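Data file: model_15.tsv. Format and content: TSV, C-alpha atoms and all ligand atoms.
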chain	number	residue	atom	x	y	z
A	1	MET	CA	8.50	97.29	-41.90
A	2	THR	CA	10.78	94.34	-41.57
A	3	ASP	CA	10.54	90.72	-42.41
A	4	SER	CA	12.37	87.58	-41.54
A	5	ILE	CA	13.76	84.56	-43.15
A	6	SER	CA	13.28	81.90	-40.60
A	7	ASP	CA	15.61	81.35	-37.75
A	8	PRO	CA	15.60	77.67	-36.85
A	9	VAL	CA	15.97	78.46	-33.16
A	10	SER	CA	12.78	80.44	-32.80
A	11	ALA	CA	10.98	78.74	-35.68
A	12	PRO	CA	12.17	75.17	-35.50
A	13	ARG	CA	11.24	73.72	-38.86
A	14	GLU	CA	7.57	74.54	-38.64
A	15	PRO	CA	6.53	75.59	-42.11
A	16	LEU	CA	3.65	77.78	-41.00
A	17	LYS	CA	5.80	79.62	-38.52
A	18	VAL	CA	8.41	80.06	-41.20
A	19	LEU	CA	5.83	81.43	-43.57
A	20	GLU	CA	4.46	83.88	-41.10
A	21	ARG	CA	7.95	85.23	-40.81
A	22	ILE	CA	8.70	85.39	-44.51
A	23	ARG	CA	6.31	88.15	-45.32
A	24	ASP	CA	5.49	89.25	-48.78
A	25	ARG	CA	8.64	90.93	-49.89
A	26	SER	CA	7.83	91.03	-53.57
A	27	MET	CA	8.11	94.77	-53.20
A	28	ALA	CA	11.58	94.49	-51.70
A	29	ARG	CA	13.07	96.55	-54.50
A	30	ARG	CA	9.94	98.61	-55.09
A	31	PRO	CA	8.84	100.02	-51.76
A	32	ARG	CA	5.46	101.63	-51.42
A	33	PRO	CA	5.33	105.40	-51.89
A	34	GLY	CA	6.74	107.14	-48.88
A	35	GLU	CA	8.83	104.20	-47.73
A	36	VAL	CA	11.81	105.26	-45.72
A	37	CYS	CA	15.19	104.02	-44.53
A	38	GLU	CA	14.56	101.78	-41.55
A	39	LEU	CA	17.61	103.11	-39.75
A	40	CYS	CA	17.40	106.88	-40.14
A	41	GLY	CA	13.91	107.51	-41.52
A	42	GLU	CA	15.03	109.29	-44.70
A	43	PRO	CA	12.88	108.65	-47.79
A	44	ILE	CA	14.49	106.11	-50.15
A	45	PRO	CA	14.21	105.55	-53.91
A	46	ASP	CA	12.67	102.44	-55.48
A	47	GLU	CA	16.09	100.92	-56.02
A	48	HIS	CA	17.76	100.79	-52.65
A	49	ASN	CA	20.06	98.66	-50.56
A	50	HIS	CA	19.29	96.35	-47.67
A	51	LEU	CA	20.84	95.45	-44.37
A	52	VAL	CA	20.38	92.24	-42.40
A	53	ASP	CA	19.63	92.72	-38.73
A	54	LEU	CA	21.44	89.68	-37.34
A	55	LYS	CA	19.74	89.84	-33.96
A	56	ALA	CA	16.18	89.94	-35.29
A	57	ARG	CA	17.07	88.03	-38.50
A	58	ASN	CA	15.29	90.79	-40.40
A	59	LEU	CA	15.91	92.39	-43.77
A	60	MET	CA	15.82	96.19	-43.53
A	61	CYS	CA	15.46	98.73	-46.30
A	62	SER	CA	18.31	101.23	-46.16
A	63	CYS	CA	19.32	104.55	-47.62
A	64	ARG	CA	22.72	104.71	-49.29
A	65	PRO	CA	24.57	106.56	-46.48
A	66	CYS	CA	23.32	104.13	-43.81
A	67	TYR	CA	24.16	101.18	-46.07
A	68	LEU	CA	27.70	102.43	-46.58
A	69	LEU	CA	28.21	102.61	-42.81
A	70	PHE	CA	27.92	98.84	-42.69
A	71	THR	CA	29.74	97.91	-45.86
A	72	PRO	CA	33.31	97.49	-44.56
A	73	ASP	CA	33.96	94.20	-42.87
A	74	GLY	CA	32.72	94.16	-39.34
A	75	ALA	CA	31.54	97.77	-39.23
A	76	GLY	CA	28.11	96.64	-38.14
A	77	GLY	CA	29.56	94.56	-35.35
A	78	GLN	CA	27.36	91.66	-34.42
A	79	HIS	CA	24.20	93.50	-35.31
A	80	TYR	CA	23.94	94.74	-38.92
A	81	LEU	CA	25.41	93.45	-42.17
A	82	ALA	CA	25.20	95.14	-45.55
A	83	VAL	CA	23.68	92.90	-48.22
A	84	PRO	CA	26.20	92.89	-51.07
A	85	ASP	CA	25.32	93.31	-54.72
A	86	ARG	CA	27.18	90.29	-56.07
A	87	TYR	CA	25.61	87.97	-58.64
A	88	LEU	CA	27.65	84.98	-59.85
A	89	MET	CA	26.62	82.31	-62.31
A	90	PHE	CA	28.45	79.00	-61.99
A	91	GLU	CA	29.20	77.77	-65.49
A	92	ASP	CA	30.31	74.26	-64.66
A	93	PHE	CA	28.84	73.50	-61.31
A	94	SER	CA	30.21	70.16	-60.28
A	95	LEU	CA	28.04	67.74	-58.35
A	96	THR	CA	27.51	64.01	-58.51
A	97	GLN	CA	24.01	62.65	-58.88
A	98	SER	CA	24.05	61.40	-55.32
A	99	GLN	CA	25.06	64.85	-54.09
A	100	TRP	CA	22.19	66.39	-56.05
A	101	ASP	CA	19.89	63.83	-54.49
A	102	ALA	CA	21.21	64.75	-51.07
A	103	LEU	CA	20.27	68.39	-51.67
A	104	GLN	CA	16.67	67.13	-51.94
A	105	ILE	CA	15.32	69.75	-54.30
A	106	PRO	CA	11.72	68.58	-54.81
A	107	VAL	CA	10.63	71.21	-57.32
A	108	SER	CA	12.41	73.30	-59.90
A	109	VAL	CA	13.86	75.95	-57.61
A	110	ALA	CA	15.61	76.09	-54.27
A	111	PHE	CA	17.93	78.41	-52.43
A	112	PHE	CA	20.31	77.79	-49.58
A	113	LEU	CA	21.31	80.15	-46.79
A	114	VAL	CA	24.24	79.80	-44.44
A	115	ASN	CA	23.36	80.94	-40.92
A	116	SER	CA	26.60	82.02	-39.24
A	117	GLU	CA	25.23	82.11	-35.74
A	118	LEU	CA	23.74	78.63	-35.82
A	119	LYS	CA	26.37	77.26	-38.17
A	120	ARG	CA	23.63	75.72	-40.25
A	121	VAL	CA	22.52	75.68	-43.84
A	122	ALA	CA	18.80	76.04	-44.50
A	123	ALA	CA	17.18	75.16	-47.82
A	124	PHE	CA	14.06	76.95	-49.05
A	125	TYR	CA	11.65	75.80	-51.77
A	126	PRO	CA	8.75	77.68	-53.34
A	127	SER	CA	5.37	76.24	-52.41
A	128	PRO	CA	1.71	77.23	-52.46
A	129	ALA	CA	2.22	78.98	-49.14
A	130	GLY	CA	5.33	80.88	-50.18
A	131	ALA	CA	8.34	78.86	-49.13
A	132	THR	CA	9.04	75.78	-47.12
A	133	GLU	CA	12.25	75.24	-45.28
A	134	SER	CA	14.39	72.29	-44.35
A	135	LEU	CA	17.80	72.01	-42.81
A	136	LEU	CA	20.63	70.63	-44.85
A	137	SER	CA	23.30	68.49	-43.30
A	138	LEU	CA	26.57	70.35	-43.00
A	139	GLU	CA	28.49	67.37	-44.39
A	140	ILE	CA	26.54	67.63	-47.62
A	141	TRP	CA	27.11	71.38	-47.79
A	142	ASP	CA	30.84	70.92	-47.16
A	143	GLU	CA	30.98	68.35	-49.96
A	144	VAL	CA	29.25	70.75	-52.36
A	145	VAL	CA	31.67	73.54	-51.46
A	146	ALA	CA	34.67	71.22	-51.74
A	147	ALA	CA	33.61	70.33	-55.29
A	148	ASN	CA	32.98	74.00	-56.11
A	149	PRO	CA	35.49	76.15	-54.22
A	150	THR	CA	34.08	79.46	-55.51
A	151	LEU	CA	30.92	78.73	-53.57
A	152	GLY	CA	33.09	78.80	-50.45
A	153	SER	CA	33.28	82.59	-50.80
A	154	ILE	CA	29.55	82.86	-50.02
A	155	LEU	CA	28.95	85.39	-47.26
A	156	PRO	CA	26.87	83.85	-44.48
A	157	ASP	CA	23.56	85.58	-43.66
A	158	VAL	CA	23.63	87.94	-46.65
A	159	GLU	CA	24.18	85.78	-49.74
A	160	ALA	CA	22.38	82.67	-51.00
A	161	PHE	CA	23.11	79.75	-53.30
A	162	LEU	CA	20.27	79.57	-55.83
A	163	VAL	CA	19.48	76.58	-58.05
A	164	GLN	CA	17.02	76.23	-60.89
A	165	LYS	CA	16.46	72.87	-62.59
A	166	ASP	CA	14.82	72.45	-65.97
A	167	LYS	CA	11.63	70.47	-66.55
A	168	THR	CA	13.50	67.18	-66.74
A	169	GLY	CA	15.21	67.89	-63.44
A	170	ASN	CA	18.54	68.07	-65.23
A	171	ASN	CA	20.88	70.85	-66.34
A	172	PRO	CA	20.58	72.89	-63.16
A	173	GLU	CA	21.57	76.53	-63.29
A	174	CYS	CA	23.44	77.61	-60.19
A	175	TYR	CA	23.92	81.13	-58.88
A	176	LEU	CA	25.25	83.02	-55.93
A	177	VAL	CA	22.90	85.94	-55.24
A	178	PRO	CA	22.22	88.58	-52.56
A	179	ILE	CA	19.70	87.48	-49.98
A	180	ASP	CA	17.32	90.32	-50.86
A	181	ALA	CA	16.85	88.76	-54.31
A	182	CYS	CA	15.59	85.62	-52.55
A	183	TYR	CA	13.13	87.67	-50.50
A	184	GLU	CA	11.82	89.07	-53.75
A	185	LEU	CA	11.48	85.55	-55.17
A	186	VAL	CA	9.67	84.25	-52.09
A	187	GLY	CA	7.27	87.17	-52.15
A	188	GLU	CA	6.38	86.60	-55.78
A	189	MET	CA	5.97	82.87	-55.33
A	190	ARG	CA	3.77	83.37	-52.32
A	191	LYS	CA	1.52	85.57	-54.41
A	192	LEU	CA	1.46	83.41	-57.52
A	193	TRP	CA	2.30	79.76	-56.74
A	194	ARG	CA	-0.57	77.32	-57.34
A	195	GLY	CA	-0.55	73.55	-56.92
A	196	PHE	CA	2.55	71.42	-57.21
A	197	ASP	CA	4.25	72.96	-60.20
A	198	GLY	CA	3.28	76.55	-59.43
A	199	GLY	CA	0.97	77.15	-62.36
A	200	LYS	CA	1.43	79.37	-65.39
A	201	GLU	CA	1.69	82.73	-63.65
A	202	ALA	CA	4.27	81.53	-61.16
A	203	ARG	CA	6.31	79.89	-63.91
A	204	GLU	CA	6.31	83.10	-65.92
A	205	ALA	CA	7.33	85.12	-62.88
A	206	LEU	CA	10.10	82.61	-62.17
A	207	GLU	CA	11.34	82.88	-65.72
A	208	ALA	CA	11.40	86.67	-65.50
A	209	PHE	CA	13.16	86.49	-62.15
A	210	PHE	CA	15.87	84.20	-63.52
A	211	ASP	CA	16.26	86.40	-66.60
A	212	ARG	CA	16.99	89.32	-64.28
A	213	VAL	CA	19.42	87.25	-62.21
A	214	LYS	CA	21.19	85.98	-65.31
A	215	SER	CA	21.52	89.44	-66.81
A	216	ARG	CA	23.21	90.72	-63.67
A	217	ALA	CA	25.44	87.70	-63.07
A	218	THR	CA	29.13	87.39	-63.74
A	219	LYS	CA	30.10	83.94	-65.03
A	220	VAL	CA	32.58	82.04	-62.91
B	1	ZN	ZN	19.32	105.78	-43.56
B	2	ZN	ZN	13.71	97.41	-49.40
Can you turn what I pasted into structure tokens?
Ligand SMILES: [Zn+2]
Ligand SMILES: [Zn+2]
Amino acid sequence: MTDSISDPVSAPREPLKVLERIRDRSMARRPRPGEVCELCGEPIPDEHNHLVDLKARNLMCSCRPCYLLFTPDGAGGQHYLAVPDRYLMFEDFSLTQSQWDALQIPVSVAFFLVNSELKRVAAFYPSPAGATESLLSLEIWDEVVAANPTLGSILPDVEAFLVQKDKTGNNPECYLVPIDACYELVGEMRKLWRGFDGGKEAREALEAFFDRVKSRATKV
């Protein structure tokens, strides 16, 4: 049981391909009964850690001992990376209107992933089909990081920059979150999103998701 956030090399900006590869991971933190560590096969509790398989671009459920093997820098070599448990909330995220426009966030929520291998930043937006993806220009990303140096500490492949705008499109809330939280979000949106604005159920799920993120986040 693995799933993928798209890899632009094998899924070059084709939304349907991307969606096939972002499977329903709403259960990412609540595996089905009997779910096991994908490395060693030991049963794992509902709350468990994840690893990113860099070769397959998969998220893998992991028991604690296997997770800890890959926690120190570089222990997993070029293959596995432990997904950290860091949640940050940016209190005064600094961006000009034109930089916001350049991020091209069409709906209320987007998240951004840095792919270390491809040296690219991909943006994901909830949609009726789960998530759509587009590539962000690196110049724009570098500008955003330059204006917000803390964002520069983002760990490629395992952490994401998450943005939620209010109904007016203003007052965005900005977070740095583990990538498995984004899988959870995509899974829920895929299940619930209807039409352009997502519909009532999706909005409620989004609100609950952001409440959880906020409650775990350290303000920076
Ligand atoms: Zn294990
Ligand atoms: Zn899992």
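Nearest residue to A:Ala217 among A:Glu188, A:Asp157, A:Glu38, A:Glu173 is A:Glu173, counting all atoms listed in the file.
Atom CA of A:Glu201 lies 15.5 Å from atom CA of A:Glu184.
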Distance query 9 Å from (23.4, 63.1, -46.4) using all atoms listed in the file, result as JSON, numbers by chain: {"A": [99, 101, 102, 103, 136, 137, 138, 139, 140]}
8 Å contact set for A:Leu51, all atoms listed in the file, chain neighbours under 3 positions out, as a PyMOL selection string: chain A and resi 59-62+67+80-83
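For the set A:Gly152, A:Gly187, A:Pro65, A:Pro172, the residue with the smallest atom-to-atom gap to ligand ZN 1 (chain B) is A:Pro65, counting all atoms listed in the file.
For the atom pair formed by atom CA of A:Ile44 and atom CA of A:Pro126, the distance is 29.2 Å, given to one decimal.
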Which chain A residues have any atom within 6 Å of an atom of ligand ZN 1 (chain B), and for each, what is the nearest pair of atoms with distance in Å to one decimal, counting only C-alpha atoms and all ligand atoms, rows sorted by chain and number, as a Markdown table?
| residue | atom | partner | partner_atom | distance |
| --- | --- | --- | --- | --- |
| A:Cys37 | CA | B:ZN1 | ZN | 4.6 |
| A:Leu39 | CA | B:ZN1 | ZN | 5.0 |
| A:Cys40 | CA | B:ZN1 | ZN | 4.1 |
| A:Glu42 | CA | B:ZN1 | ZN | 5.7 |
| A:Ser62 | CA | B:ZN1 | ZN | 5.3 |
| A:Cys63 | CA | B:ZN1 | ZN | 4.2 |
| A:Cys66 | CA | B:ZN1 | ZN | 4.3 |
